[in-house]
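One file, final-v5.cif, carrying mmCIF, N, CA and C atoms:
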data_model
#
loop_
_atom_site.label_atom_id
_atom_site.label_comp_id
_atom_site.auth_asym_id
_atom_site.auth_seq_id
_atom_site.Cartn_x
_atom_site.Cartn_y
_atom_site.Cartn_z
N LEU A 464 19.54 4.87 -11.76
CA LEU A 464 18.27 4.53 -11.14
C LEU A 464 18.27 3.04 -10.81
N THR A 465 17.94 2.76 -9.57
CA THR A 465 17.94 1.36 -9.16
C THR A 465 16.55 0.83 -8.84
N GLU A 466 15.64 1.72 -8.51
CA GLU A 466 14.29 1.27 -8.17
C GLU A 466 13.27 1.86 -9.13
N PHE A 467 12.67 0.99 -9.89
CA PHE A 467 11.61 1.42 -10.80
C PHE A 467 10.27 0.99 -10.22
N ARG A 468 9.31 1.92 -10.21
CA ARG A 468 7.97 1.63 -9.70
C ARG A 468 6.95 2.23 -10.64
N THR A 469 5.82 1.55 -10.70
CA THR A 469 4.74 2.10 -11.50
C THR A 469 4.02 3.17 -10.68
N MET A 470 3.24 3.98 -11.35
CA MET A 470 2.48 5.02 -10.65
C MET A 470 1.50 4.38 -9.66
N GLU A 471 0.93 3.25 -10.03
CA GLU A 471 0.00 2.55 -9.14
C GLU A 471 0.70 2.14 -7.85
N GLN A 472 1.92 1.64 -7.95
CA GLN A 472 2.68 1.26 -6.76
C GLN A 472 2.97 2.47 -5.88
N LEU A 473 3.30 3.59 -6.48
CA LEU A 473 3.56 4.80 -5.71
C LEU A 473 2.31 5.29 -4.98
N VAL A 474 1.18 5.25 -5.66
CA VAL A 474 -0.07 5.68 -5.04
C VAL A 474 -0.45 4.71 -3.92
N ASP A 475 -0.32 3.41 -4.18
CA ASP A 475 -0.65 2.42 -3.14
C ASP A 475 0.21 2.62 -1.91
N ARG A 476 1.47 2.90 -2.11
CA ARG A 476 2.39 3.11 -1.00
C ARG A 476 2.03 4.37 -0.20
N SER A 477 1.57 5.39 -0.90
CA SER A 477 1.26 6.65 -0.21
C SER A 477 -0.03 6.58 0.60
N VAL A 478 -0.97 5.73 0.22
CA VAL A 478 -2.25 5.64 0.95
C VAL A 478 -2.35 4.39 1.82
N PHE A 479 -1.27 3.63 1.92
CA PHE A 479 -1.31 2.38 2.67
C PHE A 479 -1.69 2.61 4.13
N ALA A 480 -1.10 3.61 4.76
CA ALA A 480 -1.37 3.85 6.19
C ALA A 480 -2.84 4.16 6.43
N ARG A 481 -3.41 5.00 5.59
CA ARG A 481 -4.84 5.33 5.76
C ARG A 481 -5.72 4.13 5.47
N GLN A 482 -5.38 3.35 4.46
CA GLN A 482 -6.17 2.15 4.16
C GLN A 482 -6.11 1.17 5.33
N PHE A 483 -4.95 1.04 5.93
CA PHE A 483 -4.80 0.13 7.06
C PHE A 483 -5.67 0.58 8.23
N VAL A 484 -5.67 1.88 8.52
CA VAL A 484 -6.49 2.41 9.61
C VAL A 484 -7.97 2.18 9.33
N VAL A 485 -8.40 2.42 8.10
CA VAL A 485 -9.80 2.22 7.75
C VAL A 485 -10.18 0.75 7.85
N LEU A 486 -9.32 -0.15 7.38
CA LEU A 486 -9.60 -1.59 7.50
C LEU A 486 -9.62 -2.01 8.96
N LEU A 487 -8.75 -1.46 9.76
CA LEU A 487 -8.74 -1.78 11.18
C LEU A 487 -10.02 -1.30 11.86
N VAL A 488 -10.45 -0.09 11.55
CA VAL A 488 -11.69 0.44 12.12
C VAL A 488 -12.89 -0.40 11.64
N ALA A 489 -12.89 -0.79 10.37
CA ALA A 489 -13.98 -1.62 9.85
C ALA A 489 -14.01 -2.98 10.54
N GLY A 490 -12.85 -3.55 10.80
CA GLY A 490 -12.78 -4.82 11.51
C GLY A 490 -13.31 -4.70 12.92
N PHE A 491 -12.91 -3.63 13.61
CA PHE A 491 -13.42 -3.40 14.97
C PHE A 491 -14.93 -3.14 14.95
N ALA A 492 -15.41 -2.46 13.93
CA ALA A 492 -16.85 -2.20 13.83
C ALA A 492 -17.61 -3.50 13.63
N ALA A 493 -17.11 -4.38 12.78
CA ALA A 493 -17.76 -5.67 12.56
C ALA A 493 -17.75 -6.51 13.83
N PHE A 494 -16.62 -6.49 14.53
CA PHE A 494 -16.52 -7.22 15.79
C PHE A 494 -17.47 -6.63 16.83
N GLY A 495 -17.58 -5.30 16.86
CA GLY A 495 -18.51 -4.64 17.78
C GLY A 495 -19.95 -5.01 17.47
N LEU A 496 -20.29 -5.08 16.18
CA LEU A 496 -21.64 -5.47 15.79
C LEU A 496 -21.93 -6.91 16.22
N LEU A 497 -20.96 -7.78 16.06
CA LEU A 497 -21.12 -9.17 16.50
C LEU A 497 -21.32 -9.24 18.01
N LEU A 498 -20.49 -8.50 18.76
CA LEU A 498 -20.62 -8.50 20.22
C LEU A 498 -21.96 -7.92 20.66
N ALA A 499 -22.39 -6.84 20.00
CA ALA A 499 -23.68 -6.24 20.34
C ALA A 499 -24.81 -7.22 20.07
N SER A 500 -24.73 -7.93 18.97
CA SER A 500 -25.77 -8.90 18.62
C SER A 500 -25.82 -10.03 19.64
N LEU A 501 -24.66 -10.58 19.96
CA LEU A 501 -24.62 -11.67 20.94
C LEU A 501 -25.06 -11.19 22.32
N GLY A 502 -24.66 -9.99 22.69
CA GLY A 502 -25.06 -9.45 23.99
C GLY A 502 -26.56 -9.22 24.07
N MET A 503 -27.13 -8.70 22.99
CA MET A 503 -28.57 -8.47 22.96
C MET A 503 -29.31 -9.81 23.09
N TYR A 504 -28.86 -10.82 22.36
CA TYR A 504 -29.49 -12.13 22.44
C TYR A 504 -29.36 -12.69 23.86
N ALA A 505 -28.17 -12.57 24.46
CA ALA A 505 -27.94 -13.14 25.78
C ALA A 505 -28.81 -12.48 26.84
N VAL A 506 -28.92 -11.17 26.80
CA VAL A 506 -29.72 -10.46 27.80
C VAL A 506 -31.19 -10.82 27.67
N ILE A 507 -31.69 -10.84 26.45
CA ILE A 507 -33.11 -11.15 26.26
C ILE A 507 -33.39 -12.61 26.59
N SER A 508 -32.49 -13.49 26.21
CA SER A 508 -32.66 -14.91 26.52
C SER A 508 -32.66 -15.13 28.04
N TYR A 509 -31.76 -14.46 28.73
CA TYR A 509 -31.71 -14.58 30.19
C TYR A 509 -32.98 -14.03 30.81
N SER A 510 -33.45 -12.90 30.32
CA SER A 510 -34.67 -12.29 30.84
C SER A 510 -35.87 -13.23 30.66
N VAL A 511 -35.97 -13.83 29.50
CA VAL A 511 -37.09 -14.75 29.25
C VAL A 511 -36.95 -16.00 30.10
N THR A 512 -35.74 -16.48 30.30
CA THR A 512 -35.53 -17.65 31.15
C THR A 512 -35.94 -17.36 32.58
N GLN A 513 -35.63 -16.15 33.06
CA GLN A 513 -36.02 -15.77 34.42
C GLN A 513 -37.53 -15.67 34.57
N ARG A 514 -38.23 -15.40 33.49
CA ARG A 514 -39.67 -15.23 33.52
C ARG A 514 -40.43 -16.49 33.12
N THR A 515 -39.77 -17.64 33.13
CA THR A 515 -40.42 -18.87 32.69
C THR A 515 -41.66 -19.18 33.54
N GLN A 516 -41.58 -18.98 34.86
CA GLN A 516 -42.74 -19.25 35.70
C GLN A 516 -43.88 -18.29 35.39
N GLU A 517 -43.55 -17.03 35.19
CA GLU A 517 -44.58 -16.05 34.82
C GLU A 517 -45.25 -16.44 33.51
N ILE A 518 -44.46 -16.85 32.55
CA ILE A 518 -45.00 -17.26 31.25
C ILE A 518 -45.87 -18.50 31.41
N GLY A 519 -45.41 -19.42 32.29
CA GLY A 519 -46.21 -20.62 32.57
C GLY A 519 -47.56 -20.27 33.19
N ILE A 520 -47.57 -19.33 34.10
CA ILE A 520 -48.83 -18.90 34.73
C ILE A 520 -49.74 -18.27 33.69
N ARG A 521 -49.18 -17.42 32.86
CA ARG A 521 -49.99 -16.78 31.82
C ARG A 521 -50.58 -17.80 30.86
N MET A 522 -49.76 -18.81 30.50
CA MET A 522 -50.28 -19.85 29.60
C MET A 522 -51.35 -20.69 30.30
N ALA A 523 -51.17 -20.95 31.60
CA ALA A 523 -52.17 -21.73 32.34
C ALA A 523 -53.49 -20.95 32.46
N LEU A 524 -53.39 -19.63 32.47
CA LEU A 524 -54.61 -18.80 32.58
C LEU A 524 -55.24 -18.52 31.22
N GLY A 525 -54.64 -19.02 30.15
CA GLY A 525 -55.28 -18.91 28.85
C GLY A 525 -54.59 -18.04 27.82
N ALA A 526 -53.43 -17.51 28.13
CA ALA A 526 -52.72 -16.70 27.13
C ALA A 526 -52.23 -17.60 26.00
N THR A 527 -52.34 -17.12 24.81
CA THR A 527 -51.88 -17.91 23.67
C THR A 527 -50.38 -17.69 23.47
N PRO A 528 -49.70 -18.69 22.92
CA PRO A 528 -48.27 -18.51 22.64
C PRO A 528 -47.99 -17.31 21.74
N GLY A 529 -48.88 -17.05 20.80
CA GLY A 529 -48.70 -15.90 19.91
C GLY A 529 -48.73 -14.58 20.66
N ASN A 530 -49.67 -14.47 21.62
CA ASN A 530 -49.75 -13.25 22.43
C ASN A 530 -48.50 -13.06 23.28
N LEU A 531 -48.01 -14.17 23.86
CA LEU A 531 -46.81 -14.07 24.69
C LEU A 531 -45.59 -13.70 23.85
N ARG A 532 -45.48 -14.29 22.68
CA ARG A 532 -44.36 -13.94 21.79
C ARG A 532 -44.44 -12.48 21.39
N ALA A 533 -45.65 -12.00 21.09
CA ALA A 533 -45.82 -10.60 20.72
C ALA A 533 -45.43 -9.68 21.87
N GLN A 534 -45.77 -10.05 23.09
CA GLN A 534 -45.42 -9.24 24.24
C GLN A 534 -43.90 -9.18 24.42
N ILE A 535 -43.25 -10.32 24.32
CA ILE A 535 -41.80 -10.36 24.49
C ILE A 535 -41.12 -9.60 23.35
N LEU A 536 -41.62 -9.76 22.13
CA LEU A 536 -41.06 -9.02 21.01
C LEU A 536 -41.29 -7.52 21.18
N GLY A 537 -42.42 -7.12 21.75
CA GLY A 537 -42.67 -5.71 22.02
C GLY A 537 -41.69 -5.14 23.03
N GLN A 538 -41.39 -5.92 24.07
CA GLN A 538 -40.41 -5.48 25.06
C GLN A 538 -39.02 -5.40 24.43
N THR A 539 -38.71 -6.35 23.57
CA THR A 539 -37.42 -6.32 22.87
C THR A 539 -37.35 -5.10 21.97
N GLY A 540 -38.43 -4.80 21.28
CA GLY A 540 -38.47 -3.63 20.41
C GLY A 540 -38.29 -2.34 21.19
N THR A 541 -38.88 -2.28 22.38
CA THR A 541 -38.72 -1.09 23.22
C THR A 541 -37.25 -0.91 23.61
N LEU A 542 -36.61 -2.00 24.02
CA LEU A 542 -35.19 -1.92 24.36
C LEU A 542 -34.36 -1.51 23.15
N ALA A 543 -34.70 -2.04 21.98
CA ALA A 543 -33.96 -1.69 20.77
C ALA A 543 -34.15 -0.22 20.42
N LEU A 544 -35.36 0.30 20.60
CA LEU A 544 -35.60 1.73 20.33
C LEU A 544 -34.83 2.63 21.28
N VAL A 545 -34.71 2.23 22.54
CA VAL A 545 -33.90 2.99 23.49
C VAL A 545 -32.44 2.98 23.04
N GLY A 546 -31.97 1.82 22.61
CA GLY A 546 -30.61 1.73 22.10
C GLY A 546 -30.38 2.59 20.88
N VAL A 547 -31.36 2.64 19.99
CA VAL A 547 -31.26 3.49 18.79
C VAL A 547 -31.25 4.96 19.18
N ALA A 548 -32.09 5.33 20.15
CA ALA A 548 -32.16 6.73 20.58
C ALA A 548 -30.84 7.19 21.18
N VAL A 549 -30.13 6.29 21.84
CA VAL A 549 -28.83 6.65 22.41
C VAL A 549 -27.72 6.51 21.37
N GLY A 550 -27.78 5.44 20.58
CA GLY A 550 -26.69 5.13 19.66
C GLY A 550 -26.64 5.96 18.40
N LEU A 551 -27.78 6.40 17.91
CA LEU A 551 -27.80 7.16 16.66
C LEU A 551 -27.06 8.50 16.78
N PRO A 552 -27.35 9.31 17.79
CA PRO A 552 -26.57 10.55 17.91
C PRO A 552 -25.08 10.29 18.19
N ALA A 553 -24.81 9.25 18.98
CA ALA A 553 -23.41 8.92 19.28
C ALA A 553 -22.66 8.49 18.01
N SER A 554 -23.31 7.70 17.18
CA SER A 554 -22.65 7.26 15.94
C SER A 554 -22.49 8.42 14.96
N TRP A 555 -23.44 9.34 14.95
CA TRP A 555 -23.31 10.51 14.09
C TRP A 555 -22.11 11.35 14.52
N LEU A 556 -21.94 11.53 15.83
CA LEU A 556 -20.79 12.29 16.33
C LEU A 556 -19.48 11.55 16.05
N ALA A 557 -19.50 10.23 16.21
CA ALA A 557 -18.29 9.45 15.92
C ALA A 557 -17.93 9.52 14.45
N ALA A 558 -18.92 9.50 13.58
CA ALA A 558 -18.66 9.59 12.14
C ALA A 558 -18.05 10.94 11.79
N ARG A 559 -18.51 11.98 12.43
CA ARG A 559 -17.95 13.32 12.17
C ARG A 559 -16.51 13.42 12.67
N SER A 560 -16.18 12.67 13.71
CA SER A 560 -14.82 12.75 14.25
C SER A 560 -13.79 12.06 13.36
N ILE A 561 -14.22 11.14 12.51
CA ILE A 561 -13.28 10.47 11.60
C ILE A 561 -13.38 11.01 10.18
N ARG A 562 -13.88 12.19 10.04
CA ARG A 562 -14.07 12.80 8.72
C ARG A 562 -12.76 12.81 7.91
N GLY A 563 -11.63 13.03 8.57
CA GLY A 563 -10.35 13.11 7.87
C GLY A 563 -9.92 11.81 7.22
N LEU A 564 -10.46 10.68 7.66
CA LEU A 564 -10.08 9.39 7.09
C LEU A 564 -10.94 8.99 5.89
N LEU A 565 -12.00 9.73 5.64
CA LEU A 565 -12.94 9.36 4.59
C LEU A 565 -12.71 10.20 3.33
N PHE A 566 -12.74 9.54 2.19
CA PHE A 566 -12.59 10.22 0.91
C PHE A 566 -13.84 9.98 0.09
N ASP A 567 -14.43 11.03 -0.41
CA ASP A 567 -15.62 10.95 -1.26
C ASP A 567 -16.79 10.22 -0.59
N VAL A 568 -16.84 10.25 0.73
CA VAL A 568 -17.94 9.65 1.48
C VAL A 568 -18.38 10.67 2.52
N GLY A 569 -19.66 10.94 2.57
CA GLY A 569 -20.17 11.88 3.57
C GLY A 569 -20.21 11.24 4.94
N THR A 570 -20.07 12.05 5.97
CA THR A 570 -20.10 11.51 7.34
C THR A 570 -21.51 11.24 7.83
N SER A 571 -22.49 11.77 7.17
CA SER A 571 -23.87 11.52 7.58
C SER A 571 -24.65 10.91 6.41
N ASP A 572 -24.12 9.83 5.87
CA ASP A 572 -24.74 9.13 4.76
C ASP A 572 -26.03 8.45 5.24
N PRO A 573 -27.19 8.90 4.79
CA PRO A 573 -28.43 8.31 5.31
C PRO A 573 -28.60 6.84 4.95
N PHE A 574 -28.08 6.42 3.81
CA PHE A 574 -28.21 5.01 3.42
C PHE A 574 -27.51 4.11 4.43
N THR A 575 -26.31 4.50 4.86
CA THR A 575 -25.56 3.70 5.82
C THR A 575 -26.28 3.64 7.16
N PHE A 576 -26.77 4.78 7.62
CA PHE A 576 -27.48 4.79 8.90
C PHE A 576 -28.74 3.94 8.84
N VAL A 577 -29.49 4.03 7.77
CA VAL A 577 -30.72 3.23 7.63
C VAL A 577 -30.38 1.74 7.53
N ALA A 578 -29.32 1.41 6.78
CA ALA A 578 -28.93 0.00 6.64
C ALA A 578 -28.54 -0.59 7.99
N VAL A 579 -27.78 0.14 8.77
CA VAL A 579 -27.37 -0.35 10.09
C VAL A 579 -28.57 -0.45 11.02
N LEU A 580 -29.48 0.51 10.95
CA LEU A 580 -30.69 0.45 11.78
C LEU A 580 -31.53 -0.78 11.43
N LEU A 581 -31.67 -1.06 10.14
CA LEU A 581 -32.43 -2.24 9.72
C LEU A 581 -31.74 -3.53 10.17
N LEU A 582 -30.42 -3.55 10.06
CA LEU A 582 -29.67 -4.74 10.48
C LEU A 582 -29.84 -4.98 11.97
N LEU A 583 -29.66 -3.92 12.77
CA LEU A 583 -29.80 -4.08 14.21
C LEU A 583 -31.25 -4.37 14.61
N GLY A 584 -32.21 -3.82 13.87
CA GLY A 584 -33.61 -4.15 14.13
C GLY A 584 -33.89 -5.63 13.87
N GLY A 585 -33.32 -6.15 12.80
CA GLY A 585 -33.46 -7.58 12.50
C GLY A 585 -32.81 -8.44 13.57
N VAL A 586 -31.64 -8.03 14.03
CA VAL A 586 -30.95 -8.77 15.09
C VAL A 586 -31.78 -8.73 16.37
N ALA A 587 -32.35 -7.57 16.70
CA ALA A 587 -33.19 -7.46 17.90
C ALA A 587 -34.43 -8.34 17.78
N ALA A 588 -35.04 -8.35 16.60
CA ALA A 588 -36.23 -9.19 16.40
C ALA A 588 -35.89 -10.67 16.55
N LEU A 589 -34.77 -11.08 15.98
CA LEU A 589 -34.34 -12.48 16.09
C LEU A 589 -33.96 -12.80 17.53
N ALA A 590 -33.28 -11.86 18.19
CA ALA A 590 -32.87 -12.07 19.58
C ALA A 590 -34.07 -12.19 20.50
N GLY A 591 -35.17 -11.55 20.18
CA GLY A 591 -36.37 -11.67 20.98
C GLY A 591 -37.22 -12.87 20.60
N TYR A 592 -37.25 -13.20 19.32
CA TYR A 592 -38.13 -14.26 18.84
C TYR A 592 -37.67 -15.64 19.30
N VAL A 593 -36.38 -15.90 19.21
CA VAL A 593 -35.87 -17.24 19.54
C VAL A 593 -36.15 -17.60 21.00
N PRO A 594 -35.78 -16.76 21.99
CA PRO A 594 -36.12 -17.13 23.38
C PRO A 594 -37.62 -17.14 23.65
N ALA A 595 -38.37 -16.24 23.01
CA ALA A 595 -39.82 -16.21 23.22
C ALA A 595 -40.46 -17.48 22.70
N ARG A 596 -40.02 -17.93 21.57
CA ARG A 596 -40.56 -19.18 21.00
C ARG A 596 -40.23 -20.36 21.89
N ARG A 597 -39.00 -20.38 22.38
CA ARG A 597 -38.58 -21.48 23.25
C ARG A 597 -39.39 -21.46 24.55
N ALA A 598 -39.63 -20.28 25.11
CA ALA A 598 -40.36 -20.18 26.38
C ALA A 598 -41.82 -20.57 26.22
N THR A 599 -42.43 -20.25 25.09
CA THR A 599 -43.85 -20.57 24.91
C THR A 599 -44.08 -22.03 24.56
N GLN A 600 -43.03 -22.76 24.30
CA GLN A 600 -43.18 -24.19 24.01
C GLN A 600 -43.06 -25.05 25.27
N VAL A 601 -42.76 -24.40 26.40
CA VAL A 601 -42.65 -25.13 27.66
C VAL A 601 -44.05 -25.43 28.18
N ASP A 602 -44.22 -26.64 28.69
CA ASP A 602 -45.50 -27.04 29.26
C ASP A 602 -45.74 -26.21 30.54
N PRO A 603 -46.93 -25.60 30.71
CA PRO A 603 -47.18 -24.80 31.91
C PRO A 603 -47.00 -25.58 33.21
N ALA A 604 -47.33 -26.86 33.24
CA ALA A 604 -47.18 -27.65 34.45
C ALA A 604 -45.70 -27.77 34.84
N ILE A 605 -44.83 -27.89 33.85
CA ILE A 605 -43.40 -27.99 34.12
C ILE A 605 -42.86 -26.63 34.55
N ALA A 606 -43.33 -25.57 33.92
CA ALA A 606 -42.85 -24.22 34.24
C ALA A 606 -43.26 -23.80 35.65
N LEU A 607 -44.38 -24.34 36.16
CA LEU A 607 -44.87 -23.94 37.48
C LEU A 607 -44.30 -24.76 38.62
N ARG A 608 -43.53 -25.79 38.34
CA ARG A 608 -42.93 -26.58 39.40
C ARG A 608 -41.93 -25.73 40.17
N PRO A 609 -41.89 -25.92 41.50
CA PRO A 609 -40.89 -25.16 42.28
C PRO A 609 -39.48 -25.64 41.92
N ARG A 610 -38.57 -24.71 41.97
CA ARG A 610 -37.18 -25.04 41.61
C ARG A 610 -36.39 -25.45 42.80
#

Take the structure in this file and express it as structure tokens.
Amino acid sequence: LTEFRTMEQLVDRSVFARQFVVLLVAGFAAFGLLLASLGMYAVISYSVTQRTQEIGIRMALGATPGNLRAQILGQTGTLALVGVAVGLPASWLAARSIRGLLFDVGTSDPFTFVAVLLLLGGVAALAGYVPARRATQVDPAIALRPR
């Protein structure tokens, strides 16, 4: 006998390929979450920037910054709910398709789905709040100037 290995080494060697695939998928999922977050922020920020004159007019007519922020956050929430309505069934189907890679984990774990929904809801709220706050701090006279 020339090669001695512990049982732990043998087990690690036998599951290495599956662990690598799972780590790779987890890395891509984290990167996808980052891209989705940045994309959501960019789209909402661009939308609010395009509406700066409208926001200026509303502020000049007496709208409070709190009302405008609430309106923008409501629109952001609507977009987020549409994304959840499309993404939730798609993620459930995707989870079922990788069932063979999972050990002792259900493919429809409600805790995971709720945690991701809360995380994306928080990202959507932050993505809407930051541009809305920035837009409501602009002086209406400056926002109404022709470009």

Extract, using all atoms listed in the file, all DNA, RNA and protein residues at most 8 Å from segment 540-557 of chain A, discarding same-chain residues fewer than 6 positions from it, and format them as a compact mmCIF listing (two decimals) with N, CA and C atoms, in the coordinates of the input.
# COMPACT_ATOMS: atom_id res chain seq x y z
N GLN A 534 -45.77 -10.05 23.09
CA GLN A 534 -45.42 -9.24 24.24
C GLN A 534 -43.90 -9.18 24.42
N THR A 570 -20.07 12.05 5.97
CA THR A 570 -20.10 11.51 7.34
C THR A 570 -21.51 11.24 7.83
N SER A 571 -22.49 11.77 7.17
CA SER A 571 -23.87 11.52 7.58
C SER A 571 -24.65 10.91 6.41
N LEU A 580 -29.48 0.51 10.95
CA LEU A 580 -30.69 0.45 11.78
C LEU A 580 -31.53 -0.78 11.43
N LEU A 583 -29.66 -3.92 12.77
CA LEU A 583 -29.80 -4.08 14.21
C LEU A 583 -31.25 -4.37 14.61
N GLY A 584 -32.21 -3.82 13.87
CA GLY A 584 -33.61 -4.15 14.13
C GLY A 584 -33.89 -5.63 13.87
N ALA A 587 -32.35 -7.57 16.70
CA ALA A 587 -33.19 -7.46 17.90
C ALA A 587 -34.43 -8.34 17.78
N ALA A 588 -35.04 -8.35 16.60
CA ALA A 588 -36.23 -9.19 16.40
C ALA A 588 -35.89 -10.67 16.55
N GLY A 591 -35.17 -11.55 20.18
CA GLY A 591 -36.37 -11.67 20.98
C GLY A 591 -37.22 -12.87 20.60

Written as a compact mmCIF listing (two decimals) with N, CA and C atoms, in the coordinates of the input, what is the full residue list that the PyMOL selection byres ((chain A and resi 509-521) around 7) yields on the file shown?
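Saved to result-v2.txt:
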# COMPACT_ATOMS: atom_id res chain seq x y z
N TYR A 504 -28.86 -10.82 22.36
CA TYR A 504 -29.49 -12.13 22.44
C TYR A 504 -29.36 -12.69 23.86
N ALA A 505 -28.17 -12.57 24.46
CA ALA A 505 -27.94 -13.14 25.78
C ALA A 505 -28.81 -12.48 26.84
N VAL A 506 -28.92 -11.17 26.80
CA VAL A 506 -29.72 -10.46 27.80
C VAL A 506 -31.19 -10.82 27.67
N ILE A 507 -31.69 -10.84 26.45
CA ILE A 507 -33.11 -11.15 26.26
C ILE A 507 -33.39 -12.61 26.59
N SER A 508 -32.49 -13.49 26.21
CA SER A 508 -32.66 -14.91 26.52
C SER A 508 -32.66 -15.13 28.04
N MET A 522 -49.76 -18.81 30.50
CA MET A 522 -50.28 -19.85 29.60
C MET A 522 -51.35 -20.69 30.30
N ALA A 523 -51.17 -20.95 31.60
CA ALA A 523 -52.17 -21.73 32.34
C ALA A 523 -53.49 -20.95 32.46
N LEU A 524 -53.39 -19.63 32.47
CA LEU A 524 -54.61 -18.80 32.58
C LEU A 524 -55.24 -18.52 31.22
N GLY A 525 -54.64 -19.02 30.15
CA GLY A 525 -55.28 -18.91 28.85
C GLY A 525 -54.59 -18.04 27.82
N ALA A 526 -53.43 -17.51 28.13
CA ALA A 526 -52.72 -16.70 27.13
C ALA A 526 -52.23 -17.60 26.00
N THR A 527 -52.34 -17.12 24.81
CA THR A 527 -51.88 -17.91 23.67
C THR A 527 -50.38 -17.69 23.47
N PRO A 594 -35.78 -16.76 21.99
CA PRO A 594 -36.12 -17.13 23.38
C PRO A 594 -37.62 -17.14 23.65
N ALA A 595 -38.37 -16.24 23.01
CA ALA A 595 -39.82 -16.21 23.22
C ALA A 595 -40.46 -17.48 22.70
N ALA A 598 -39.63 -20.28 25.11
CA ALA A 598 -40.36 -20.18 26.38
C ALA A 598 -41.82 -20.57 26.22
N VAL A 601 -42.76 -24.40 26.40
CA VAL A 601 -42.65 -25.13 27.66
C VAL A 601 -44.05 -25.43 28.18
N ASP A 602 -44.22 -26.64 28.69
CA ASP A 602 -45.50 -27.04 29.26
C ASP A 602 -45.74 -26.21 30.54
N PRO A 603 -46.93 -25.60 30.71
CA PRO A 603 -47.18 -24.80 31.91
C PRO A 603 -47.00 -25.58 33.21
N ALA A 604 -47.33 -26.86 33.24
CA ALA A 604 -47.18 -27.65 34.45
C ALA A 604 -45.70 -27.77 34.84
N ALA A 606 -43.33 -25.57 33.92
CA ALA A 606 -42.85 -24.22 34.24
C ALA A 606 -43.26 -23.80 35.65
N LEU A 607 -44.38 -24.34 36.16
CA LEU A 607 -44.87 -23.94 37.48
C LEU A 607 -44.30 -24.76 38.62

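Counting from atom CA of Tyr592 of chain A, the distance to atom CA of Leu536 of chain A is 6.4 Å.
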
### Message
Please report the interatomic distance between atom CA of Arg532 of chain A and atom CA of Arg596 of chain A in Å with one decimal.
### Response
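Straight-line distance from atom CA of Arg532 of chain A to atom CA of Arg596 of chain A works out to 6.5 Å.
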
### Task
Could you check how far atom CA of Ala499 of chain A sits from atom CA of Val586 of chain A, in Å to one decimal?
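Between atom CA of Ala499 of chain A and atom CA of Val586 of chain A the gap is 9.3 Å.
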
### Message
If you run DSSP on the backbone here, which positions in chain A get alpha helix (DSSP H)? Please write them as number ranges by chain.
### Response
A: 470-513, 515-523, 528-560, 573-599, 603-606
